[in-house]
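These notes concern the structure reproduced below.
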Amino acid sequence: RCALLHAAVRALAPTRRQLLHTGESGLVAAPTRRQLLAGGAAGLIAAPLRVDAAPAIPTWDLGNGARMPTLALNTVGLDAASTERAVLAALETGIGHVDFHPDKERDGVAAALKRVPRSSLFLTTKVRSQQNDPSVAPAKAADLARKQLEDDRSILGVDTVDMWLLRDSPNCDVTRAQWAVLEEARDAGKVGSIGLVNYCEKQLSCLLETARITPAVNYYYLHVGQGPDAGGLRSFGEKRGV
């Protein structure tokens, strides 16, 4: 169940021709991605979102009643306004899974949530990486993760984040301490599912030695030329329930 979402976007995203929609004046061509992110499609974004008419995206069963859409919008590098426009445009094409980072991208998702039903979006976000601060103690790293979760929920205006992902760290004890925070959050219903970002076999083995809840996903980047199980990482995780 590795979340290979980047590769899926290019393979499955509809073409511009397929995104033609009917406006008040007849058939209107869907805007380009550049127009959307630059705000040139203000008329489309301001129009009522037809979320109920969007096509269904296949889902993965993550256990504990959670189902994650297999196709997602990734907002990496966008500012708040561009993220908001991208989220609303994605919903128009049936993509309600949003993969975003804290700070500006999160602010844009929060703005979009004020305009659409909470149930229309599957929210995936990540714990801030501690890779640039190898001196951080495990207890401090756990506190930072705990504070970020509360900030995420408050800024987004939601009770539950659908998927919360933990980034890799060179310090196994930091990884374990932060994972315990994610487990607590899932127990409390503050997150629906918890997973990992870019974990290699060694890091997975380290985490699983003490994990009480098995990660639902290990989210890492692949392209189609690498095949479905590059380096054996996917099969390594699946044999351990990831």
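Identifiers in the structure tokens: chain A, B, ... in order shown; residue index from 1 per chain; ligand index from 1 in order shown.
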Leaving out range 78-88 of chain A and any residue of its chain fewer than 6 positions from it, which residues lie within 6 Å of it when counting only C-alpha atoms, given as a PyMOL selection string?
-> chain A and resi 37+104-105+107-109+112
Preceding selection exported with N, CA and C atoms as a PDB file, in the first residue's frame:
ATOM      1  N   LEU A  37      -3.081  28.585 -11.257  1.00  0.00           N
ATOM      2  CA  LEU A  37      -2.210  28.949 -10.157  1.00  0.00           C
ATOM      3  C   LEU A  37      -1.914  30.443 -10.137  1.00  0.00           C
ATOM      4  N   LYS A 104       2.688  27.691   4.673  1.00  0.00           N
ATOM      5  CA  LYS A 104       1.900  28.369   3.636  1.00  0.00           C
ATOM      6  C   LYS A 104       0.913  27.435   2.946  1.00  0.00           C
ATOM      7  N   GLU A 105       1.344  26.228   2.636  1.00  0.00           N
ATOM      8  CA  GLU A 105       0.428  25.292   1.969  1.00  0.00           C
ATOM      9  C   GLU A 105      -0.755  24.960   2.872  1.00  0.00           C
ATOM     10  N   ASP A 107      -2.026  26.867   5.123  1.00  0.00           N
ATOM     11  CA  ASP A 107      -2.909  28.032   5.160  1.00  0.00           C
ATOM     12  C   ASP A 107      -3.844  28.045   3.952  1.00  0.00           C
ATOM     13  N   GLY A 108      -3.307  27.649   2.792  1.00  0.00           N
ATOM     14  CA  GLY A 108      -4.148  27.597   1.600  1.00  0.00           C
ATOM     15  C   GLY A 108      -5.217  26.526   1.684  1.00  0.00           C
ATOM     16  N   VAL A 109      -4.863  25.366   2.234  1.00  0.00           N
ATOM     17  CA  VAL A 109      -5.858  24.307   2.426  1.00  0.00           C
ATOM     18  C   VAL A 109      -6.932  24.770   3.407  1.00  0.00           C
ATOM     19  N   ALA A 112      -9.372  26.887   1.596  1.00  0.00           N
ATOM     20  CA  ALA A 112     -10.257  26.086   0.752  1.00  0.00           C
ATOM     21  C   ALA A 112     -11.321  25.381   1.583  1.00  0.00           C
TER      22      ALA A 112
END
Run DSSP on the backbone and give me the residues of range 131-197 of chain A it puts in strand (DSSP E or B), as number ranges by chain.
-> A: 161-167, 191-197
Would you save the residues of that selection, restricted to C-alpha atoms, as a PDB file, in the first residue's frame?
ATOM      1  CA  VAL A 161      -6.482  15.050  10.000  1.00  0.00           C
ATOM      2  CA  ASP A 162      -7.036  12.046   7.731  1.00  0.00           C
ATOM      3  CA  MET A 163      -3.387  11.026   7.285  1.00  0.00           C
ATOM      4  CA  TRP A 164      -0.376  12.235   9.261  1.00  0.00           C
ATOM      5  CA  LEU A 165       3.055  11.183   7.981  1.00  0.00           C
ATOM      6  CA  LEU A 166       6.356  11.041   9.862  1.00  0.00           C
ATOM      7  CA  ARG A 167       9.519  11.999   8.014  1.00  0.00           C
ATOM      8  CA  VAL A 191      -5.766  11.650  13.081  1.00  0.00           C
ATOM      9  CA  GLY A 192      -7.422   8.932  11.045  1.00  0.00           C
ATOM     10  CA  SER A 193      -4.296   7.063   9.914  1.00  0.00           C
ATOM     11  CA  ILE A 194      -0.550   7.408  10.424  1.00  0.00           C
ATOM     12  CA  GLY A 195       2.313   6.603   8.083  1.00  0.00           C
ATOM     13  CA  LEU A 196       5.875   7.339   7.019  1.00  0.00           C
ATOM     14  CA  VAL A 197       7.743   9.347   4.379  1.00  0.00           C
TER      15      VAL A 197
END
Nearest to Asp152 in chain A by atom-to-atom distance, counting only C-alpha atoms, from A:Gly237, A:Gly96, A:Pro102, A:Gly227 =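 For Asp152 in chain A, the nearest of the given residues is A:Pro102.
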Do you know which residues are at most 9 Å from range 173-186 of chain A counting only C-alpha atoms, after dropping those on the same chain fewer than 2 positions away, and could you put them as a PyMOL selection string?
-> chain A and resi 127+130+136-146+149+164-171+188-195+203+206-208+210-213
Write a file of the selected residues as a short mmCIF file (atom, residue, chain, number, x, y, z; two decimals), in the first residue's frame, keeping N, CA, C and O atoms.
data_model
loop_
_atom_site.label_atom_id
_atom_site.label_comp_id
_atom_site.auth_asym_id
_atom_site.auth_seq_id
_atom_site.Cartn_x
_atom_site.Cartn_y
_atom_site.Cartn_z
N VAL A 127 4.75 15.61 9.57
CA VAL A 127 5.50 16.20 10.68
C VAL A 127 6.74 16.88 10.10
O VAL A 127 7.39 16.35 9.21
N GLN A 130 13.22 16.74 11.24
CA GLN A 130 14.27 17.11 12.18
C GLN A 130 15.67 16.83 11.61
O GLN A 130 16.66 16.85 12.34
N VAL A 136 18.77 17.50 18.21
CA VAL A 136 17.51 17.55 18.95
C VAL A 136 17.30 16.25 19.73
O VAL A 136 17.52 15.15 19.22
N ALA A 137 16.90 16.38 20.98
CA ALA A 137 16.68 15.22 21.83
C ALA A 137 15.33 14.58 21.50
O ALA A 137 14.40 15.26 21.06
N PRO A 138 15.18 13.27 21.72
CA PRO A 138 13.92 12.59 21.42
C PRO A 138 12.71 13.23 22.11
O PRO A 138 11.65 13.40 21.48
N ALA A 139 12.86 13.61 23.39
CA ALA A 139 11.73 14.21 24.10
C ALA A 139 11.34 15.55 23.47
O ALA A 139 10.14 15.86 23.36
N LYS A 140 12.33 16.34 23.06
CA LYS A 140 12.05 17.62 22.41
C LYS A 140 11.37 17.40 21.06
O LYS A 140 10.42 18.10 20.70
N ALA A 141 11.85 16.42 20.31
CA ALA A 141 11.25 16.11 19.01
C ALA A 141 9.79 15.69 19.18
O ALA A 141 8.93 16.06 18.38
N ALA A 142 9.52 14.91 20.22
CA ALA A 142 8.14 14.49 20.49
C ALA A 142 7.27 15.70 20.81
O ALA A 142 6.13 15.80 20.33
N ASP A 143 7.78 16.63 21.62
CA ASP A 143 7.02 17.84 21.95
C ASP A 143 6.73 18.67 20.71
O ASP A 143 5.62 19.23 20.56
N LEU A 144 7.71 18.77 19.80
CA LEU A 144 7.51 19.53 18.57
C LEU A 144 6.42 18.90 17.71
O LEU A 144 5.58 19.61 17.13
N ALA A 145 6.42 17.59 17.61
CA ALA A 145 5.39 16.91 16.83
C ALA A 145 4.01 17.11 17.45
O ALA A 145 3.03 17.35 16.75
N ARG A 146 3.94 17.01 18.77
CA ARG A 146 2.67 17.17 19.47
C ARG A 146 2.11 18.58 19.27
O ARG A 146 0.91 18.77 19.01
N LEU A 149 0.77 19.09 15.64
CA LEU A 149 -0.54 18.49 15.40
C LEU A 149 -1.65 19.42 15.88
O LEU A 149 -2.64 19.62 15.19
N TRP A 164 -1.51 11.46 8.76
CA TRP A 164 -0.38 12.24 9.26
C TRP A 164 0.87 11.39 9.06
O TRP A 164 0.93 10.24 9.51
N LEU A 165 1.86 11.93 8.38
CA LEU A 165 3.06 11.18 7.98
C LEU A 165 4.29 11.67 8.74
O LEU A 165 4.48 12.88 8.93
N LEU A 166 5.12 10.72 9.15
CA LEU A 166 6.36 11.04 9.86
C LEU A 166 7.54 10.94 8.91
O LEU A 166 7.75 9.92 8.27
N ARG A 167 8.33 12.01 8.85
CA ARG A 167 9.52 12.00 8.01
C ARG A 167 10.64 11.19 8.67
O ARG A 167 10.66 10.99 9.89
N ASP A 168 11.59 10.77 7.84
CA ASP A 168 12.71 9.99 8.35
C ASP A 168 13.67 10.88 9.14
O ASP A 168 13.68 12.11 8.98
N SER A 169 14.45 10.25 10.00
CA SER A 169 15.45 10.95 10.81
C SER A 169 16.67 10.07 10.95
O SER A 169 16.55 8.84 11.01
N PRO A 170 17.87 10.65 11.01
CA PRO A 170 19.07 9.83 11.20
C PRO A 170 19.17 9.26 12.61
O PRO A 170 19.98 8.37 12.88
N ASN A 171 18.33 9.76 13.52
CA ASN A 171 18.34 9.33 14.91
C ASN A 171 17.15 8.40 15.16
O ASN A 171 16.00 8.84 15.16
N ALA A 188 -6.54 8.97 20.06
CA ALA A 188 -7.43 10.03 20.51
C ALA A 188 -8.39 10.49 19.42
O ALA A 188 -9.23 11.37 19.67
N GLY A 189 -8.25 9.96 18.20
CA GLY A 189 -9.12 10.37 17.11
C GLY A 189 -8.73 11.68 16.47
O GLY A 189 -9.49 12.24 15.67
N LYS A 190 -7.52 12.18 16.78
CA LYS A 190 -7.08 13.43 16.18
C LYS A 190 -6.56 13.23 14.77
O LYS A 190 -6.48 14.19 13.99
N VAL A 191 -6.15 12.02 14.44
CA VAL A 191 -5.77 11.65 13.08
C VAL A 191 -6.45 10.33 12.74
O VAL A 191 -6.68 9.49 13.62
N GLY A 192 -6.76 10.16 11.46
CA GLY A 192 -7.42 8.93 11.05
C GLY A 192 -6.44 7.78 10.84
O GLY A 192 -6.70 6.66 11.27
N SER A 193 -5.32 8.07 10.18
CA SER A 193 -4.30 7.06 9.91
C SER A 193 -2.93 7.72 10.04
O SER A 193 -2.79 8.94 9.90
N ILE A 194 -1.90 6.89 10.29
CA ILE A 194 -0.55 7.41 10.42
C ILE A 194 0.40 6.59 9.56
O ILE A 194 0.21 5.39 9.37
N GLY A 195 1.39 7.28 8.99
CA GLY A 195 2.31 6.60 8.08
C GLY A 195 3.67 7.28 8.08
O GLY A 195 3.97 8.13 8.92
N GLN A 203 15.54 2.05 8.52
CA GLN A 203 14.69 2.93 9.32
C GLN A 203 13.38 2.24 9.68
O GLN A 203 12.86 2.39 10.79
N CYS A 206 14.01 -0.23 12.48
CA CYS A 206 14.18 0.49 13.74
C CYS A 206 12.83 0.87 14.34
O CYS A 206 12.56 0.61 15.52
N LEU A 207 11.97 1.45 13.53
CA LEU A 207 10.67 1.91 14.02
C LEU A 207 9.80 0.74 14.47
O LEU A 207 9.15 0.79 15.53
N LEU A 208 9.78 -0.33 13.69
CA LEU A 208 8.87 -1.44 13.96
C LEU A 208 9.26 -2.22 15.21
O LEU A 208 8.42 -2.94 15.76
N THR A 210 9.66 -1.04 18.11
CA THR A 210 8.94 -0.49 19.27
C THR A 210 7.54 0.01 18.92
O THR A 210 6.79 0.37 19.83
N ALA A 211 7.17 0.04 17.65
CA ALA A 211 5.88 0.59 17.25
C ALA A 211 4.73 -0.26 17.80
O ALA A 211 4.74 -1.48 17.72
N ARG A 212 3.74 0.41 18.35
CA ARG A 212 2.53 -0.25 18.80
C ARG A 212 1.52 -0.36 17.67
O ARG A 212 0.74 -1.32 17.60
N ILE A 213 1.51 0.63 16.78
CA ILE A 213 0.64 0.66 15.61
C ILE A 213 1.51 0.58 14.37
O ILE A 213 2.45 1.37 14.21
#
Pick from A:Phe122, A:Phe100, A:Tyr221, A:Trp60, whichever lies nearest to Arg234 in chain A using only C-alpha atoms |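 Going through A:Phe122, A:Phe100, A:Tyr221, A:Trp60 one by one, the smallest distance to Arg234 in chain A is for A:Tyr221.
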Report the distance between CA of Cys200 in chain A and CA of Glu238 in chain A in Å, rounded to one decimal place.
->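 According to the coordinates, CA of Cys200 in chain A and CA of Glu238 in chain A are separated by 13.0 Å.
Between Ala89 in chain A and the candidates A:Ile57, A:Val116, A:Ala66, A:Val158, the tightest atom-to-atom separation, counting only C-alpha atoms, involves A:Val116.
Comparing A:Val76, A:Leu91, A:Ile155, A:Val224 by their smallest distance to Ser119 in chain A, the closest is A:Leu91 (using only C-alpha atoms).
Computed from the coordinates, the CA of Leu156 in chain A to CA of Asp133 in chain A distance equals 26.9 Å.
DSSP annotation of range 95-161 of chain A from backbone atoms: alpha helix (DSSP H) residues are A:Lys104, A:Glu105, A:Arg106, A:Asp107, A:Gly108, A:Val109, A:Ala110, A:Ala111, A:Ala112, A:Leu113, A:Pro138, A:Ala139, A:Lys140, A:Ala141, A:Ala142, A:Asp143, A:Leu144, A:Ala145, A:Arg146, A:Lys147, A:Gln148, A:Leu149, A:Glu150, A:Asp151, A:Asp152, A:Arg153, A:Ser154, A:Ile155, A:Leu156.
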Which residue out of A:Leu204, A:Leu71, A:Ala230, A:Leu113 has the minimum interatomic distance to Ala56 in chain A when only C-alpha atoms are used?
->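 Result for the nearest residue to Ala56 in chain A: A:Leu71.
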Of the candidates A:Asn198, A:Ser235, A:Asn74, A:Thr124, which shows the shortest atom-to-atom distance to Tyr220 in chain A, using only C-alpha atoms?
->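 Closest to Tyr220 in chain A, using only C-alpha atoms: A:Asn198.
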